[in-house]
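Asks: Hey, dropping my_file.cif in here, mmCIF, C-alpha atoms and all ligand atoms:
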```
data_entry
#
loop_
_atom_site.label_atom_id
_atom_site.label_comp_id
_atom_site.auth_asym_id
_atom_site.auth_seq_id
_atom_site.Cartn_x
_atom_site.Cartn_y
_atom_site.Cartn_z
CA MET A 23 9.83 -9.31 -17.81
CA ASN A 24 9.14 -6.10 -15.88
CA ILE A 25 5.61 -4.74 -15.89
CA LEU A 26 3.66 -1.79 -14.54
CA ILE A 27 -0.10 -2.35 -14.27
CA PHE A 28 -2.85 0.27 -14.06
CA GLY A 29 -6.61 -0.01 -13.71
CA PRO A 30 -9.35 1.52 -11.58
CA ASN A 31 -10.59 -0.26 -8.50
CA GLY A 32 -13.17 -2.74 -9.82
CA SER A 33 -11.47 -3.25 -13.22
CA GLY A 34 -10.15 -6.70 -12.34
CA LYS A 35 -6.56 -5.44 -12.14
CA GLY A 36 -5.80 -7.58 -9.07
CA THR A 37 -7.20 -10.71 -10.69
CA GLN A 38 -5.29 -10.13 -13.95
CA GLY A 39 -2.14 -9.34 -12.00
CA ALA A 40 -2.37 -12.66 -10.17
CA ILE A 41 -2.85 -14.54 -13.46
CA ILE A 42 0.18 -12.85 -15.08
CA GLN A 43 2.32 -13.37 -12.00
CA LYS A 44 1.61 -17.11 -12.04
CA LYS A 45 1.83 -17.57 -15.80
CA PHE A 46 5.21 -15.84 -16.19
CA ASN A 47 6.63 -16.68 -12.75
CA ILE A 48 7.28 -13.05 -11.83
CA THR A 49 6.84 -11.29 -8.49
CA HIS A 50 3.73 -9.24 -7.77
CA VAL A 51 4.79 -6.06 -5.95
CA GLU A 52 1.84 -4.16 -4.51
CA SER A 53 2.68 -0.75 -3.08
CA GLY A 54 0.17 -0.99 -0.20
CA VAL A 55 1.58 -4.36 0.87
CA LEU A 56 5.10 -2.94 0.59
CA PHE A 57 4.30 -0.21 3.13
CA ARG A 58 2.89 -2.76 5.57
CA GLU A 59 5.92 -5.07 5.16
CA ASN A 60 8.41 -2.25 5.73
CA ILE A 61 6.56 -0.95 8.76
CA LYS A 62 6.19 -4.43 10.24
CA GLY A 63 9.84 -5.20 9.50
CA GLY A 64 10.95 -1.94 11.15
CA THR A 65 13.12 -0.84 8.21
CA GLU A 66 14.45 2.73 8.14
CA LEU A 67 12.09 3.60 5.27
CA GLY A 68 9.24 1.84 7.06
CA LYS A 69 9.80 3.93 10.20
CA LYS A 70 9.79 7.14 8.17
CA ALA A 71 6.66 6.07 6.26
CA LYS A 72 4.87 5.26 9.50
CA GLU A 73 5.33 8.80 10.79
CA TYR A 74 3.39 10.13 7.81
CA ILE A 75 0.74 7.43 7.90
CA ASP A 76 0.17 7.94 11.65
CA ARG A 77 -0.41 11.64 11.01
CA GLY A 78 -2.83 10.78 8.22
CA ASP A 79 -0.49 12.31 5.63
CA LEU A 80 0.53 10.86 2.28
CA VAL A 81 3.94 9.21 2.30
CA PRO A 82 6.26 11.37 0.16
CA ASP A 83 7.78 9.99 -3.03
CA GLN A 84 11.29 10.35 -1.57
CA ILE A 85 10.35 7.48 0.78
CA THR A 86 8.05 5.46 -1.46
CA ILE A 87 10.32 5.30 -4.50
CA PRO A 88 13.43 4.02 -2.68
CA MET A 89 11.18 1.46 -0.96
CA ILE A 90 9.92 0.25 -4.34
CA LEU A 91 13.42 0.18 -5.84
CA ASP A 92 14.76 -1.83 -2.89
CA ARG A 93 12.00 -4.34 -3.43
CA LEU A 94 12.59 -4.59 -7.19
CA LYS A 95 16.27 -5.34 -6.55
CA ASN A 96 15.39 -8.42 -4.44
CA ASP A 97 16.41 -11.86 -5.75
CA ASP A 98 12.78 -12.87 -6.29
CA CYS A 99 12.45 -10.04 -8.82
CA LYS A 100 15.32 -11.30 -11.00
CA THR A 101 12.91 -13.18 -13.28
CA GLY A 102 10.68 -10.13 -13.44
CA TRP A 103 8.12 -8.13 -11.52
CA LEU A 104 4.67 -6.68 -11.79
CA LEU A 105 4.25 -3.38 -9.96
CA ASP A 106 0.73 -2.50 -8.88
CA GLY A 107 -0.59 0.56 -6.98
CA PHE A 108 2.12 3.05 -7.94
CA PRO A 109 2.47 5.63 -9.48
CA ARG A 110 -0.82 7.45 -8.89
CA ASN A 111 -0.03 10.81 -10.45
CA PRO A 112 2.19 12.22 -13.23
CA GLU A 113 4.89 13.52 -10.83
CA GLN A 114 5.25 10.04 -9.36
CA ALA A 115 5.33 8.53 -12.85
CA ASP A 116 8.17 10.83 -13.84
CA ALA A 117 10.08 10.21 -10.60
CA LEU A 118 9.68 6.43 -10.87
CA GLU A 119 10.75 6.35 -14.49
CA LYS A 120 13.90 8.35 -13.71
CA ALA A 121 14.69 6.24 -10.63
CA LEU A 122 14.35 3.00 -12.64
CA GLU A 123 16.62 4.36 -15.33
CA GLU A 124 19.18 5.48 -12.79
CA ALA A 125 19.13 2.04 -11.15
CA GLY A 126 19.56 0.36 -14.54
CA ILE A 127 16.22 -1.44 -14.22
CA ARG A 128 14.34 -1.60 -17.49
CA LEU A 129 10.58 -1.47 -17.90
CA ASP A 130 9.17 -3.75 -20.64
CA PHE A 131 5.41 -3.33 -20.48
CA VAL A 132 2.87 -0.87 -19.17
CA ILE A 133 -0.62 -2.33 -18.99
CA GLU A 134 -3.81 -0.35 -18.56
CA ILE A 135 -7.08 -2.16 -17.91
CA SER A 136 -9.67 0.43 -18.82
CA LEU A 137 -13.21 0.46 -17.57
CA ASP A 138 -15.73 3.26 -17.29
CA ARG A 139 -16.38 4.62 -13.85
CA GLU A 140 -19.98 3.48 -13.52
CA THR A 141 -19.20 -0.12 -14.50
CA ALA A 142 -16.21 -0.15 -12.14
CA ARG A 143 -18.41 1.05 -9.27
CA ASN A 144 -21.09 -1.53 -10.00
CA ARG A 145 -18.52 -4.31 -10.07
CA ILE A 146 -17.21 -3.36 -6.65
CA MET A 147 -20.72 -3.23 -5.23
CA GLY A 148 -21.59 -6.54 -6.90
CA ARG A 149 -18.80 -8.52 -5.20
CA ARG A 150 -19.95 -11.37 -3.01
CA LEU A 151 -17.60 -13.23 -0.72
CA CYS A 152 -17.77 -17.00 -0.34
CA GLU A 153 -17.60 -17.83 3.35
CA ASN A 154 -15.87 -21.15 2.57
CA ASP A 155 -13.12 -19.85 0.33
CA ASN A 156 -12.35 -16.23 -0.60
CA ASN A 157 -10.77 -17.43 -3.84
CA HIS A 158 -14.21 -18.36 -5.17
CA PRO A 159 -15.13 -15.30 -7.24
CA ASN A 160 -18.79 -14.28 -7.26
CA ASN A 161 -20.21 -11.03 -8.59
CA ILE A 162 -23.87 -10.28 -9.24
CA PHE A 163 -22.89 -7.82 -12.02
CA ILE A 164 -20.31 -9.88 -13.91
CA GLU A 165 -21.43 -12.38 -16.52
CA GLY A 166 -19.67 -15.71 -16.00
CA ILE A 167 -19.16 -15.36 -12.25
CA LYS A 168 -22.73 -14.66 -11.11
CA PRO A 169 -23.66 -16.56 -7.95
CA ASP A 170 -26.03 -19.52 -8.17
CA VAL A 171 -29.53 -19.27 -6.79
CA LYS A 172 -30.72 -22.10 -4.57
CA ASP A 173 -34.23 -22.02 -3.04
CA GLY A 174 -34.34 -18.28 -3.70
CA VAL A 175 -31.03 -17.61 -1.95
CA THR A 176 -27.82 -16.62 -3.76
CA VAL A 177 -24.99 -19.05 -3.03
CA CYS A 178 -21.37 -19.48 -4.16
CA ARG A 179 -21.23 -20.57 -7.79
CA VAL A 180 -18.19 -22.76 -7.06
CA CYS A 181 -19.05 -24.60 -3.85
CA GLY A 182 -22.66 -23.65 -3.05
CA GLY A 183 -21.53 -22.02 0.21
CA ALA A 184 -23.04 -18.98 1.88
CA LEU A 185 -22.14 -15.55 0.51
CA SER A 186 -21.54 -12.29 2.32
CA VAL A 187 -20.96 -8.65 1.40
CA ARG A 188 -17.90 -6.68 2.49
CA ALA A 189 -18.93 -3.38 4.12
CA ASP A 190 -16.12 -1.53 2.24
CA ASP A 191 -17.58 -2.65 -1.07
CA GLN A 192 -20.88 -0.92 -0.30
CA ASP A 193 -19.29 2.33 0.87
CA LEU A 194 -20.06 4.62 -2.05
CA ALA A 195 -18.08 7.56 -0.63
CA ALA A 196 -14.96 5.42 -0.21
CA ILE A 197 -15.32 3.97 -3.72
CA ASP A 198 -15.79 7.43 -5.22
CA LYS A 199 -12.79 8.80 -3.34
CA ARG A 200 -10.51 6.20 -4.97
CA HIS A 201 -12.12 6.66 -8.38
CA VAL A 202 -11.78 10.46 -8.29
CA ILE A 203 -8.00 10.03 -8.00
CA TYR A 204 -7.85 7.32 -10.65
CA TYR A 205 -9.92 9.01 -13.34
CA ASP A 206 -8.35 12.46 -12.90
CA ALA A 207 -6.70 12.98 -16.29
CA ILE A 208 -4.73 16.05 -15.17
CA ASN A 209 -3.38 15.31 -11.69
CA GLY A 210 -4.38 11.72 -11.06
CA THR A 211 -3.58 8.17 -12.11
CA ALA A 212 -5.06 8.60 -15.60
CA ALA A 213 -2.37 11.25 -16.16
CA ALA A 214 0.32 8.83 -14.95
CA VAL A 215 -0.99 6.29 -17.47
CA LYS A 216 -0.73 8.89 -20.22
CA TYR A 217 2.82 9.66 -19.17
CA PHE A 218 3.83 6.06 -19.92
CA LYS A 219 1.71 5.89 -23.05
CA ASP A 220 3.60 8.89 -24.45
CA LEU A 221 6.90 7.42 -23.31
CA ALA A 222 6.17 4.14 -25.11
CA ALA A 223 5.28 6.04 -28.29
CA ALA A 224 8.79 7.52 -28.30
CA ASP A 225 10.69 4.45 -27.04
CA LYS A 226 10.44 1.20 -28.96
CA SER A 227 11.77 -0.92 -26.06
CA LEU A 228 8.67 -0.08 -23.98
CA LYS A 229 5.31 -1.50 -25.00
CA PHE A 230 2.06 0.09 -23.85
CA ILE A 231 -0.95 -2.26 -23.76
CA GLU A 232 -4.45 -0.91 -23.33
CA LEU A 233 -7.02 -3.58 -22.52
CA ASP A 234 -10.76 -3.29 -22.40
CA GLY A 235 -11.74 -4.52 -18.93
CA THR A 236 -15.38 -5.10 -19.91
CA PRO A 237 -15.26 -8.76 -21.07
CA ALA A 238 -15.10 -11.77 -18.75
CA VAL A 239 -11.90 -12.41 -16.74
CA ASP A 240 -10.78 -15.29 -19.02
CA GLU A 241 -11.23 -13.20 -22.15
CA VAL A 242 -9.24 -10.26 -20.77
CA SER A 243 -6.42 -12.53 -19.58
CA ARG A 244 -6.27 -14.33 -22.95
CA VAL A 245 -5.70 -11.03 -24.75
CA LEU A 246 -3.25 -9.85 -22.11
CA ILE A 247 -1.13 -13.01 -22.21
CA ARG A 248 -1.02 -12.88 -26.01
CA GLU A 249 0.14 -9.26 -25.93
CA ILE A 250 3.05 -9.86 -23.55
CA SER A 251 4.15 -13.34 -24.73
ZN ZN A 301 -17.36 -21.08 -2.51
#
```
Give the structure from the file, written as structure tokens.
Replies:
Amino acid sequence: MNILIFGPNGSGKGTQGAIIQKKFNITHVESGVLFRENIKGGTELGKKAKEYIDRGDLVPDQITIPMILDRLKNDDCKTGWLLDGFPRNPEQADALEKALEEAGIRLDFVIEISLDRETARNRIMGRRLCENDNNHPNNIFIEGIKPDVKDGVTVCRVCGGALSVRADDQDLAAIDKRHVIYYDAINGTAAAVKYFKDLAAADKSLKFIELDGTPAVDEVSRVLIREIS
């Protein structure tokens, strides 16, 4: 089962991706991680990518797409994969789709977790990190995973441990910068999503799944698992 997943930062895309990956025993391929692995491993593509990153430039698709394809051809992707973080615009969507077709790799599902921009921003700012275990989700804005309050202090809802706030999560400018790209329906990720939505409408072998990211994590994953099972 080969899947492409989309969703704005704060939509719970990472959490849902992890659930799907475990449930269906497929490999989670995250484009940001892929860059770091290739650079660390000193691969030819990694070296080329690093030149762009060091200059503060975007890595061109002619480097990113072969890197992704190499990864998807690995043995651990034979049972399936979930690609996250790419494409981010319609040109990349088109280039990826053509590259997959050329490589004989089929795409089964395209998932979009939709959430309005304001809610997505609040969710990012509401994240609280458990200092005992960063897999203990706490968020002051999400029903079901709100932290506990003990003696007037918010503590981890799972273990009662101390909570902290990640500086990145409170950086409004940084959050907005990512969201501007995501929600751009002409040149951004929203346009890439539409590209695949249109493709699925014309091709019965590809299923497009749009999920409302508003409900609790368990509710979203229940719907998602039902749709792809
Ligand atoms: Zn905890």
Asks: Counting only C-alpha atoms and all ligand atoms, name the residues that have an atom within 10 Å of an atom of ligand ZN 301 (chain A); the answer should be given as an MDAnalysis selection string.
Replies: chainID A and resid 151:160 169 177:185
Asks: If you measure from CA of Tyr204 in chain A to CA of Pro112 in chain A, what distance in Å do you get, rounded to one decimal?
Replies: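 CA of Pro112 in chain A lies at a distance of 11.5 Å from CA of Tyr204 in chain A.
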Asks: Please determine, counting only C-alpha atoms, which residue among A:Asp225, A:Glu249, A:Asp234, A:Glu66 has the shortest atom-to-atom distance to Arg128 in chain A.
Replies: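 Smallest separation from Arg128 in chain A among the options: A:Asp225.
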Asks: Residues within 7 Å of Ile133 in chain A, please, as a ChimeraX atom specification. Count only C-alpha atoms; anything in the same chain fewer than 6 positions from it doesn't count.
Replies: /A:26-28,230-232
Asks: If we count only C-alpha atoms, what is near range 45-57 of chain A at a cut-off of 7 Å, once residues fewer than 5 positions away on the same chain are taken out, given as a compact mmCIF listing (two decimals) with C-alpha atoms, keeping the file's coordinate frame?
Replies:
```txt
# COMPACT_ATOMS: atom_id res chain seq x y z
CA GLY A 68 9.24 1.84 7.06
CA ASP A 98 12.78 -12.87 -6.29
CA CYS A 99 12.45 -10.04 -8.82
CA THR A 101 12.91 -13.18 -13.28
CA GLY A 102 10.68 -10.13 -13.44
CA TRP A 103 8.12 -8.13 -11.52
CA LEU A 104 4.67 -6.68 -11.79
CA LEU A 105 4.25 -3.38 -9.96
CA ASP A 106 0.73 -2.50 -8.88
CA GLY A 107 -0.59 0.56 -6.98
CA PHE A 108 2.12 3.05 -7.94
```
Asks: Please write out, as JSON, where the centre of an axis-aligned box around all listed atoms of range 180-196 of chain A lies and how long its edges are, in Å to one decimal, after adding 5 Å on each side.
Replies:
```
{"center_x": -19.0, "center_y": -8.5, "center_z": -1.5, "size_x": 18.1, "size_y": 42.2, "size_z": 21.2}
```
Asks: Using only C-alpha atoms, which of the listed residues (A:Lys168, A:Arg150, A:Arg143, A:Lys95) sits closest to Asp198 in chain A?
Replies: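 Smallest separation from Asp198 in chain A among the options: A:Arg143.
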Asks: Please compute the CA of Arg188 in chain A-CA of Gly148 in chain A distance, one decimal, in Å.
Replies: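 Going from CA of Arg188 in chain A over to CA of Gly148 in chain A covers 10.1 Å.
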Asks: Which residues are close to range 62-65 of chain A, i.e. within 12 Å by all atoms listed in the file, leaving aside same-chain residues fewer than 5 positions away? Reply as a PyMOL selection string.
Replies: chain A and resi 55-57+70-72+85+88-89+92
Asks: Can I get the selected residues back with C-alpha atoms, as a short mmCIF file (atom, residue, chain, number, x, y, z; two decimals), in the coordinates of the input?
Replies:
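Once everything was written out, this is out39.cif:
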```
data_model
loop_
_atom_site.label_atom_id
_atom_site.label_comp_id
_atom_site.auth_asym_id
_atom_site.auth_seq_id
_atom_site.Cartn_x
_atom_site.Cartn_y
_atom_site.Cartn_z
CA VAL A 55 1.58 -4.36 0.87
CA LEU A 56 5.10 -2.94 0.59
CA PHE A 57 4.30 -0.21 3.13
CA LYS A 70 9.79 7.14 8.17
CA ALA A 71 6.66 6.07 6.26
CA LYS A 72 4.87 5.26 9.50
CA ILE A 85 10.35 7.48 0.78
CA PRO A 88 13.43 4.02 -2.68
CA MET A 89 11.18 1.46 -0.96
CA ASP A 92 14.76 -1.83 -2.89
#
```
Asks: Find the residue from A:Leu67, A:Leu228, A:Ile75, A:Leu194 that sits nearest to Ile25 in chain A; use all atoms listed in the file when measuring.
Replies: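 Of the candidates, the smallest distance to Ile25 in chain A is held by A:Leu228.
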Asks: Report the distance between CA of Asp79 in chain A and CA of Ile135 in chain A in Å, rounded to one decimal place.
Replies: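 Interatomic distance here is 28.4 Å.
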Asks: For Asp220 in chain A, which residue among A:Ala142, A:Leu94, A:Val81, A:Val132 is the nearest when counting all atoms listed in the file?
Replies: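 Closest to Asp220 in chain A, using all atoms listed in the file: A:Val132.
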Asks: Neighbouring residues of Asn111 in chain A were defined as those with any atom within 9 Å, considering all atoms listed in the file; residues of the same chain fewer than 6 positions away were excluded. Please report them as a ChimeraX atom specification.
Replies: /A:203-204,206,208-215
Asks: Would you please work out which residue, of A:Thr141, A:Ala222, A:Ile87, A:Asn24, is nearest to Ile127 in chain A when using only C-alpha atoms?
Replies: A:Asn24
Asks: Complete the atom set of range 34-62 of chain A to N, CA and C atoms and return it as a PDB file, in the coordinates of the input.
Replies:
```pdb
ATOM      1  N   GLY A  34     -10.689  -5.345 -12.263  1.00  0.00           N
ATOM      2  CA  GLY A  34     -10.150  -6.700 -12.340  1.00  0.00           C
ATOM      3  C   GLY A  34      -8.633  -6.708 -12.415  1.00  0.00           C
ATOM      4  N   LYS A  35      -8.025  -5.571 -12.092  1.00  0.00           N
ATOM      5  CA  LYS A  35      -6.560  -5.440 -12.140  1.00  0.00           C
ATOM      6  C   LYS A  35      -5.868  -6.464 -11.225  1.00  0.00           C
ATOM      7  N   GLY A  36      -6.395  -6.627 -10.018  1.00  0.00           N
ATOM      8  CA  GLY A  36      -5.800  -7.580  -9.070  1.00  0.00           C
ATOM      9  C   GLY A  36      -5.858  -9.005  -9.594  1.00  0.00           C
ATOM     10  N   THR A  37      -7.002  -9.365 -10.153  1.00  0.00           N
ATOM     11  CA  THR A  37      -7.200 -10.710 -10.690  1.00  0.00           C
ATOM     12  C   THR A  37      -6.255 -10.953 -11.866  1.00  0.00           C
ATOM     13  N   GLN A  38      -6.178  -9.986 -12.782  1.00  0.00           N
ATOM     14  CA  GLN A  38      -5.290 -10.130 -13.950  1.00  0.00           C
ATOM     15  C   GLN A  38      -3.832 -10.170 -13.509  1.00  0.00           C
ATOM     16  N   GLY A  39      -3.503  -9.360 -12.526  1.00  0.00           N
ATOM     17  CA  GLY A  39      -2.140  -9.340 -12.000  1.00  0.00           C
ATOM     18  C   GLY A  39      -1.742 -10.711 -11.463  1.00  0.00           C
ATOM     19  N   ALA A  40      -2.648 -11.336 -10.745  1.00  0.00           N
ATOM     20  CA  ALA A  40      -2.370 -12.660 -10.170  1.00  0.00           C
ATOM     21  C   ALA A  40      -2.180 -13.703 -11.276  1.00  0.00           C
ATOM     22  N   ILE A  41      -2.962 -13.589 -12.336  1.00  0.00           N
ATOM     23  CA  ILE A  41      -2.850 -14.540 -13.460  1.00  0.00           C
ATOM     24  C   ILE A  41      -1.494 -14.388 -14.153  1.00  0.00           C
ATOM     25  N   ILE A  42      -1.103 -13.152 -14.418  1.00  0.00           N
ATOM     26  CA  ILE A  42       0.180 -12.850 -15.080  1.00  0.00           C
ATOM     27  C   ILE A  42       1.360 -13.318 -14.225  1.00  0.00           C
ATOM     28  N   GLN A  43       1.257 -13.025 -12.939  1.00  0.00           N
ATOM     29  CA  GLN A  43       2.320 -13.370 -12.000  1.00  0.00           C
ATOM     30  C   GLN A  43       2.591 -14.873 -12.024  1.00  0.00           C
ATOM     31  N   LYS A  44       1.512 -15.651 -12.043  1.00  0.00           N
ATOM     32  CA  LYS A  44       1.610 -17.110 -12.040  1.00  0.00           C
ATOM     33  C   LYS A  44       2.135 -17.619 -13.390  1.00  0.00           C
ATOM     34  N   LYS A  45       1.523 -17.116 -14.440  1.00  0.00           N
ATOM     35  CA  LYS A  45       1.830 -17.570 -15.800  1.00  0.00           C
ATOM     36  C   LYS A  45       3.305 -17.339 -16.160  1.00  0.00           C
ATOM     37  N   PHE A  46       3.850 -16.182 -15.784  1.00  0.00           N
ATOM     38  CA  PHE A  46       5.210 -15.840 -16.190  1.00  0.00           C
ATOM     39  C   PHE A  46       6.223 -15.952 -15.041  1.00  0.00           C
ATOM     40  N   ASN A  47       5.755 -16.466 -13.908  1.00  0.00           N
ATOM     41  CA  ASN A  47       6.630 -16.680 -12.750  1.00  0.00           C
ATOM     42  C   ASN A  47       7.386 -15.401 -12.368  1.00  0.00           C
ATOM     43  N   ILE A  48       6.667 -14.307 -12.262  1.00  0.00           N
ATOM     44  CA  ILE A  48       7.280 -13.050 -11.830  1.00  0.00           C
ATOM     45  C   ILE A  48       6.680 -12.659 -10.481  1.00  0.00           C
ATOM     46  N   THR A  49       7.265 -11.666  -9.839  1.00  0.00           N
ATOM     47  CA  THR A  49       6.840 -11.290  -8.490  1.00  0.00           C
ATOM     48  C   THR A  49       5.867 -10.113  -8.532  1.00  0.00           C
ATOM     49  N   HIS A  50       4.751 -10.276  -7.838  1.00  0.00           N
ATOM     50  CA  HIS A  50       3.730  -9.240  -7.770  1.00  0.00           C
ATOM     51  C   HIS A  50       4.109  -8.278  -6.634  1.00  0.00           C
ATOM     52  N   VAL A  51       4.416  -7.043  -6.966  1.00  0.00           N
ATOM     53  CA  VAL A  51       4.790  -6.060  -5.950  1.00  0.00           C
ATOM     54  C   VAL A  51       3.652  -5.049  -5.850  1.00  0.00           C
ATOM     55  N   GLU A  52       2.982  -5.051  -4.702  1.00  0.00           N
ATOM     56  CA  GLU A  52       1.840  -4.160  -4.510  1.00  0.00           C
ATOM     57  C   GLU A  52       2.256  -3.089  -3.514  1.00  0.00           C
ATOM     58  N   SER A  53       2.115  -1.814  -3.899  1.00  0.00           N
ATOM     59  CA  SER A  53       2.680  -0.750  -3.080  1.00  0.00           C
ATOM     60  C   SER A  53       2.083  -0.708  -1.663  1.00  0.00           C
ATOM     61  N   GLY A  54       0.788  -0.988  -1.526  1.00  0.00           N
ATOM     62  CA  GLY A  54       0.170  -0.990  -0.200  1.00  0.00           C
ATOM     63  C   GLY A  54       0.762  -2.061   0.702  1.00  0.00           C
ATOM     64  N   VAL A  55       0.993  -3.234   0.121  1.00  0.00           N
ATOM     65  CA  VAL A  55       1.580  -4.360   0.870  1.00  0.00           C
ATOM     66  C   VAL A  55       3.009  -4.005   1.271  1.00  0.00           C
ATOM     67  N   LEU A  56       3.708  -3.326   0.364  1.00  0.00           N
ATOM     68  CA  LEU A  56       5.100  -2.940   0.590  1.00  0.00           C
ATOM     69  C   LEU A  56       5.231  -2.024   1.817  1.00  0.00           C
ATOM     70  N   PHE A  57       4.313  -1.076   1.950  1.00  0.00           N
ATOM     71  CA  PHE A  57       4.300  -0.210   3.130  1.00  0.00           C
ATOM     72  C   PHE A  57       4.150  -1.048   4.397  1.00  0.00           C
ATOM     73  N   ARG A  58       3.161  -1.937   4.382  1.00  0.00           N
ATOM     74  CA  ARG A  58       2.890  -2.760   5.570  1.00  0.00           C
ATOM     75  C   ARG A  58       4.098  -3.625   5.929  1.00  0.00           C
ATOM     76  N   GLU A  59       4.747  -4.209   4.918  1.00  0.00           N
ATOM     77  CA  GLU A  59       5.920  -5.070   5.160  1.00  0.00           C
ATOM     78  C   GLU A  59       7.071  -4.270   5.773  1.00  0.00           C
ATOM     79  N   ASN A  60       7.310  -3.067   5.222  1.00  0.00           N
ATOM     80  CA  ASN A  60       8.410  -2.250   5.730  1.00  0.00           C
ATOM     81  C   ASN A  60       8.148  -1.742   7.140  1.00  0.00           C
ATOM     82  N   ILE A  61       6.903  -1.425   7.429  1.00  0.00           N
ATOM     83  CA  ILE A  61       6.560  -0.950   8.760  1.00  0.00           C
ATOM     84  C   ILE A  61       6.676  -2.096   9.765  1.00  0.00           C
ATOM     85  N   LYS A  62       6.138  -3.245   9.378  1.00  0.00           N
ATOM     86  CA  LYS A  62       6.190  -4.430  10.240  1.00  0.00           C
ATOM     87  C   LYS A  62       7.635  -4.866  10.473  1.00  0.00           C
TER      88      LYS A  62
END
```
